[in-house]
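Step one of this worksheet: look at the structure below.
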Amino acid sequence: MGKGASVIPVAKATAAVAGAPALAQDHARPSRLADYQVLCKIRVTGLIVITAWAGFYLACMRSGISSFQWGLVEALAGIGLISAGAAAMNEVLERKIDALMKRTSQRPLAAGRISLPHGLSVGMACFIVGAFILAYFTNPLTVILTLLTAFTYVAVYTPLKRVTPLATFLGAFPGAMPPLLGWTAARGVIELPAIALFAILFVWQFPHFMAIAWLYREDYGRVGIRMLPVLQPDGWSTAMEALIYAVLMIPVSIVPFYLHLAGRLYLASAVVLGLVYLGYTIRFWGITRASTAAESRSYARGLLKASVIYLPLLLTVMMLNATGRS
């Protein structure tokens with residue numbers, strides 16, 4: 001105790017002379033829990049769980065059974081854990097790249113707060129536990145599709161980002177799977193309404209992705225990630241791709257009404273929300289003529305915010321106005 005106490009004043013004095021950077025870093029150092037949240041991309045995992053819940057809920061409505069049951073908890077736990085494992089493995093594979101980019105340099109693996117074996121162990125543990133939960137409590141189809149989704153994200157999308165801008169298109173497939181996984185967890189089969197939910201998430205991702213890619217194009221370019229804004233920096237191709245999918249979003253989003261998955265309130269809401277999303281995507285065209293970097297980023301941030309508000313609102317209205325008709 002005496003030896004430790006004698007070190008503290010010396011450390012404080014040294015920090016004071018040096019402007020206290022070391023002491024400030026200690027105070028600013030994230031907790032282990034915070035590091036695990038970043039490692040498992042808790043916000044993305046949370047969105048995956050929410051969209052899987054929407055698929056489960058709508059499938060239960062179609063079956064005429066209660067959507068609030070233990071099967072829901074177990075399905076979402078398994079899907080969420082496998083998603084967290086995929087996120088951890090993504091950060092394991094990209095730790096060196098992450099260390100070179102401003103927005104990711106403080107991730108726990110990139111910053112060295114979590115070792116490579118530690119990160120691998122967390123990722124594999126999430127995979128194994130999640131797969132066990134799904135295998136025990138759901139059905140083989142859901143297990144296979146969830147593991148295939150994670151594999152595609154980690155082993156296909158992640159390495160291809162440094163090879164071709166088509167990685168964004170391929171990455172949209174695992175990104176669109178959660179509501180379909182929720183549906184199969186409840187009903188055990190892939191059906192047309194589940195494919196419609198998949199299509200909504202698939203199309204939604206492109207304006208969302210393009211906004212992110214434009215915001216961080218300098219970071220991506222620095223480490224050789226071949227996003228569209230890196231390869232074609234004038235912004236025309238980026239804005240065009242976002243616009244095409246935003247236009248497509250309107251007809252795709254109203255398909256659940258015609259499949260009797262949701263009612264007229266949903267139909268009206270989907271059209272209105274789709275037009276608002278399209279409006280922000282048209283505004284995103286401003287990146288092609290912006291006079292300053294700040295102005296250009298404001299257009300991208302606007303579209304990004306609109307995209308993360310649009311999807312939860314659309315799914316919420318769909319669930320509230322679900323018809324349960326076959």
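Going through the structure tokens in order, the chains are called A, B, and so on, while each chain numbers its residues from 1 and the ligands are numbered from 1 in the order shown.
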
Running DSSP on the backbone, which parts of segment 123-202 of chain A land in alpha helix (DSSP H), as a PyMOL selection string? chain A and resi 123-137+140-151+158-160+167-175+178-187+192-202

Create the file for the chosen residues now, containing C-alpha atoms and written as a PDB file, in the first residue's frame.
ATOM      1  CA  GLY A 123     -16.636 -13.569 -31.945  1.00  0.00           C
ATOM      2  CA  MET A 124     -16.534 -17.359 -31.880  1.00  0.00           C
ATOM      3  CA  ALA A 125     -18.322 -17.529 -28.527  1.00  0.00           C
ATOM      4  CA  CYS A 126     -21.162 -15.394 -29.897  1.00  0.00           C
ATOM      5  CA  PHE A 127     -21.397 -17.591 -32.989  1.00  0.00           C
ATOM      6  CA  ILE A 128     -21.469 -20.848 -31.028  1.00  0.00           C
ATOM      7  CA  VAL A 129     -23.945 -19.740 -28.367  1.00  0.00           C
ATOM      8  CA  GLY A 130     -26.208 -18.047 -30.924  1.00  0.00           C
ATOM      9  CA  ALA A 131     -26.214 -21.112 -33.194  1.00  0.00           C
ATOM     10  CA  PHE A 132     -26.979 -23.393 -30.232  1.00  0.00           C
ATOM     11  CA  ILE A 133     -29.931 -21.228 -29.164  1.00  0.00           C
ATOM     12  CA  LEU A 134     -31.384 -21.171 -32.680  1.00  0.00           C
ATOM     13  CA  ALA A 135     -30.810 -24.897 -33.198  1.00  0.00           C
ATOM     14  CA  TYR A 136     -32.497 -25.782 -29.919  1.00  0.00           C
ATOM     15  CA  PHE A 137     -35.401 -23.346 -29.959  1.00  0.00           C
ATOM     16  CA  PRO A 140     -32.940 -25.896 -39.078  1.00  0.00           C
ATOM     17  CA  LEU A 141     -33.882 -23.417 -41.819  1.00  0.00           C
ATOM     18  CA  THR A 142     -33.391 -20.432 -39.509  1.00  0.00           C
ATOM     19  CA  VAL A 143     -30.056 -21.797 -38.260  1.00  0.00           C
ATOM     20  CA  ILE A 144     -28.748 -22.346 -41.786  1.00  0.00           C
ATOM     21  CA  LEU A 145     -29.914 -18.967 -43.087  1.00  0.00           C
ATOM     22  CA  THR A 146     -28.544 -17.063 -40.081  1.00  0.00           C
ATOM     23  CA  LEU A 147     -25.125 -18.722 -40.297  1.00  0.00           C
ATOM     24  CA  LEU A 148     -25.057 -18.238 -44.080  1.00  0.00           C
ATOM     25  CA  THR A 149     -25.872 -14.553 -43.573  1.00  0.00           C
ATOM     26  CA  ALA A 150     -23.005 -14.170 -41.095  1.00  0.00           C
ATOM     27  CA  PHE A 151     -20.622 -16.064 -43.384  1.00  0.00           C
ATOM     28  CA  THR A 158     -15.621  -7.763 -45.803  1.00  0.00           C
ATOM     29  CA  PRO A 159     -12.651  -8.783 -48.025  1.00  0.00           C
ATOM     30  CA  LEU A 160     -14.353  -7.674 -51.256  1.00  0.00           C
ATOM     31  CA  ALA A 167     -19.115  -5.341 -52.505  1.00  0.00           C
ATOM     32  CA  THR A 168     -21.798  -2.840 -51.498  1.00  0.00           C
ATOM     33  CA  PHE A 169     -24.360  -4.688 -53.626  1.00  0.00           C
ATOM     34  CA  LEU A 170     -23.297  -8.077 -52.286  1.00  0.00           C
ATOM     35  CA  GLY A 171     -23.255  -6.766 -48.727  1.00  0.00           C
ATOM     36  CA  ALA A 172     -26.872  -5.685 -49.082  1.00  0.00           C
ATOM     37  CA  PHE A 173     -27.936  -9.353 -49.172  1.00  0.00           C
ATOM     38  CA  PRO A 174     -26.885 -10.223 -45.610  1.00  0.00           C
ATOM     39  CA  GLY A 175     -28.004  -6.755 -44.561  1.00  0.00           C
ATOM     40  CA  PRO A 178     -33.027 -10.092 -40.504  1.00  0.00           C
ATOM     41  CA  PRO A 179     -36.811  -9.786 -41.114  1.00  0.00           C
ATOM     42  CA  LEU A 180     -36.737 -12.930 -43.234  1.00  0.00           C
ATOM     43  CA  LEU A 181     -34.898 -14.720 -40.399  1.00  0.00           C
ATOM     44  CA  GLY A 182     -37.542 -13.546 -37.956  1.00  0.00           C
ATOM     45  CA  TRP A 183     -40.233 -14.851 -40.297  1.00  0.00           C
ATOM     46  CA  THR A 184     -38.656 -18.301 -40.671  1.00  0.00           C
ATOM     47  CA  ALA A 185     -38.090 -18.516 -36.912  1.00  0.00           C
ATOM     48  CA  ALA A 186     -41.860 -18.150 -36.449  1.00  0.00           C
ATOM     49  CA  ARG A 187     -43.167 -20.171 -39.424  1.00  0.00           C
ATOM     50  CA  LEU A 192     -43.679 -14.385 -50.354  1.00  0.00           C
ATOM     51  CA  PRO A 193     -44.343 -11.865 -47.532  1.00  0.00           C
ATOM     52  CA  ALA A 194     -40.930 -12.692 -46.052  1.00  0.00           C
ATOM     53  CA  ILE A 195     -39.322 -12.020 -49.429  1.00  0.00           C
ATOM     54  CA  ALA A 196     -41.183  -8.687 -49.571  1.00  0.00           C
ATOM     55  CA  LEU A 197     -39.695  -7.733 -46.193  1.00  0.00           C
ATOM     56  CA  PHE A 198     -36.265  -8.766 -47.454  1.00  0.00           C
ATOM     57  CA  ALA A 199     -36.749  -6.578 -50.543  1.00  0.00           C
ATOM     58  CA  ILE A 200     -37.653  -3.540 -48.441  1.00  0.00           C
ATOM     59  CA  LEU A 201     -34.441  -3.761 -46.444  1.00  0.00           C
ATOM     60  CA  PHE A 202     -32.387  -4.577 -49.531  1.00  0.00           C
TER      61      PHE A 202
END

Show which residues sit within 6 Å of segment 280-289 of chain A, as number ranges by chain. Count only C-alpha atoms, and ignore same-chain residues fewer than 2 positions away. A: 235, 239, 243, 277-278, 296, 299, 303

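Near Gly46 of chain A, within 9 Å and counting only C-alpha atoms, sit Lys41, Thr51 and Gly80 of chain A, not including residues fewer than 5 positions from it in the same chain.
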
Can you tell me, as a CSV table (one decimal) with C-alpha atoms, in the first residue's frame, what residues are no more than 6 Å from Pro165 of chain A when counting only C-alpha atoms, ignoring any on the same chain fewer than 4 positions away?
chain,number,residue,atom,x,y,z
A,226,ARG,CA,-13.1,0.7,-53.2
A,227,MET,CA,-16.4,2.5,-52.5
A,228,LEU,CA,-18.1,4.2,-55.4

As number ranges by chain, please: the residues near Val276 of chain A (cut-off 12 Å, only C-alpha atoms, same-chain neighbours under 2 positions excluded). A: 246-247, 249-250, 269-274, 278-283, 302-303, 305-307, 309-311, 314

Deliver the residues from the most recent selection as a file, using N, CA and C atoms, as a tab-separated table (two decimals), in the first residue's frame.
chain	number	residue	atom	x	y	z
A	246	ALA	N	-33.94	4.95	-54.22
A	246	ALA	CA	-34.97	5.70	-53.49
A	246	ALA	C	-36.28	5.72	-54.27
A	247	VAL	N	-36.19	5.83	-55.59
A	247	VAL	CA	-37.41	5.75	-56.43
A	247	VAL	C	-38.01	4.35	-56.32
A	249	MET	N	-37.78	2.37	-53.93
A	249	MET	CA	-38.26	2.12	-52.56
A	249	MET	C	-39.77	2.27	-52.44
A	250	ILE	N	-40.37	3.18	-53.19
A	250	ILE	CA	-41.81	3.43	-53.06
A	250	ILE	C	-42.64	2.22	-53.51
A	269	SER	N	-49.05	5.47	-45.37
A	269	SER	CA	-47.82	5.85	-44.67
A	269	SER	C	-46.59	5.50	-45.49
A	270	ALA	N	-46.61	4.34	-46.16
A	270	ALA	CA	-45.47	3.92	-46.97
A	270	ALA	C	-45.24	4.89	-48.12
A	271	VAL	N	-46.32	5.35	-48.74
A	271	VAL	CA	-46.19	6.30	-49.85
A	271	VAL	C	-45.61	7.63	-49.34
A	272	VAL	N	-46.15	8.13	-48.24
A	272	VAL	CA	-45.68	9.41	-47.70
A	272	VAL	C	-44.21	9.31	-47.27
A	273	LEU	N	-43.90	8.26	-46.51
A	273	LEU	CA	-42.51	8.08	-46.06
A	273	LEU	C	-41.56	7.90	-47.24
A	274	GLY	N	-42.02	7.16	-48.26
A	274	GLY	CA	-41.19	6.96	-49.44
A	274	GLY	C	-40.91	8.26	-50.18
A	278	LEU	N	-37.35	9.96	-50.72
A	278	LEU	CA	-36.95	10.37	-52.07
A	278	LEU	C	-36.54	11.84	-52.09
A	279	GLY	N	-37.27	12.67	-51.34
A	279	GLY	CA	-36.93	14.09	-51.30
A	279	GLY	C	-35.53	14.33	-50.75
A	280	TYR	N	-35.18	13.62	-49.68
A	280	TYR	CA	-33.83	13.77	-49.12
A	280	TYR	C	-32.77	13.22	-50.07
A	281	THR	N	-33.14	12.20	-50.85
A	281	THR	CA	-32.19	11.65	-51.81
A	281	THR	C	-31.98	12.62	-52.98
A	282	ILE	N	-33.04	13.30	-53.40
A	282	ILE	CA	-32.89	14.33	-54.43
A	282	ILE	C	-32.01	15.47	-53.91
A	283	ARG	N	-32.23	15.83	-52.66
A	283	ARG	CA	-31.39	16.87	-52.04
A	283	ARG	C	-29.92	16.43	-52.01
A	302	GLY	N	-27.86	14.70	-44.08
A	302	GLY	CA	-29.32	14.79	-44.17
A	302	GLY	C	-29.93	13.49	-44.64
A	303	LEU	N	-29.36	12.91	-45.69
A	303	LEU	CA	-29.87	11.64	-46.21
A	303	LEU	C	-29.66	10.51	-45.21
A	305	LYS	N	-29.54	10.71	-41.91
A	305	LYS	CA	-30.53	10.84	-40.84
A	305	LYS	C	-31.92	10.41	-41.31
A	306	ALA	N	-32.27	10.81	-42.52
A	306	ALA	CA	-33.58	10.42	-43.06
A	306	ALA	C	-33.69	8.90	-43.18
A	307	SER	N	-32.60	8.24	-43.58
A	307	SER	CA	-32.64	6.79	-43.77
A	307	SER	C	-32.83	6.05	-42.45
A	309	ILE	N	-34.30	7.16	-39.81
A	309	ILE	CA	-35.64	7.43	-39.28
A	309	ILE	C	-36.69	6.69	-40.10
A	310	TYR	N	-36.48	6.65	-41.41
A	310	TYR	CA	-37.46	6.05	-42.33
A	310	TYR	C	-37.75	4.59	-41.99
A	311	LEU	N	-36.72	3.78	-41.87
A	311	LEU	CA	-36.93	2.34	-41.73
A	311	LEU	C	-37.69	1.96	-40.46
A	314	LEU	N	-41.36	2.96	-40.90
A	314	LEU	CA	-42.08	2.11	-41.85
A	314	LEU	C	-42.46	0.78	-41.21

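A straight line drawn from atom CA of Ala77 of chain A to atom CA of Leu120 of chain A is 20.0 Å long.
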
Out of A:Pro312, A:Gly85, A:Pro256, A:Gly71, which residue has the shortest atom-to-atom distance to Leu58 of chain A when counting only C-alpha atoms? A:Pro256

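For segment 30-35 of chain A, the set of protein, DNA and RNA residues having any atom at most 12 Å away, when counting only C-alpha atoms and skipping those fewer than 5 positions along the same chain, is Ala24, Gln25, Cys40, Lys41, Ile42, Ala88, Glu91, Gln106, Arg107, Pro108, Leu109, Ala110, Ala111, Gly112, Arg113, Ile114, Ser115, His118, Gly119 and Val122 of chain A.
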
Any chance you can output those residues with C-alpha atoms as a compact mmCIF listing (two decimals), in the first residue's frame?
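New file selection.txt:
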# COMPACT_ATOMS: atom_id res chain seq x y z
CA ALA A 24 -6.39 12.35 -19.36
CA GLN A 25 -6.00 9.24 -21.46
CA CYS A 40 -20.05 -6.33 -31.39
CA LYS A 41 -21.37 -3.14 -33.09
CA ILE A 42 -24.21 -2.96 -30.63
CA ALA A 88 -16.59 -8.98 -33.98
CA GLU A 91 -13.37 -6.01 -36.74
CA GLN A 106 -10.40 3.94 -31.57
CA ARG A 107 -12.15 0.61 -32.01
CA PRO A 108 -10.80 -1.76 -29.35
CA LEU A 109 -8.87 -4.08 -31.68
CA ALA A 110 -7.52 -1.24 -33.81
CA ALA A 111 -6.39 0.69 -30.73
CA GLY A 112 -4.90 -2.40 -29.07
CA ARG A 113 -7.19 -2.41 -26.04
CA ILE A 114 -8.41 -5.90 -26.99
CA SER A 115 -5.94 -8.47 -28.32
CA HIS A 118 -9.46 -12.01 -27.26
CA GLY A 119 -11.44 -10.59 -30.17
CA VAL A 122 -15.57 -13.16 -28.33

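Checking A:Ile48, A:Ala59, A:Leu313, A:Val163 one by one against Glu191 of chain A, counting only C-alpha atoms, you find the shortest gap at A:Ala59.
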
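Atom CA of Met240 of chain A lies 20.2 Å from atom CA of Gly221 of chain A.
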
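Across the model, the gap from atom CA of Ile65 of chain A to atom CA of Trp53 of chain A is 14.7 Å.
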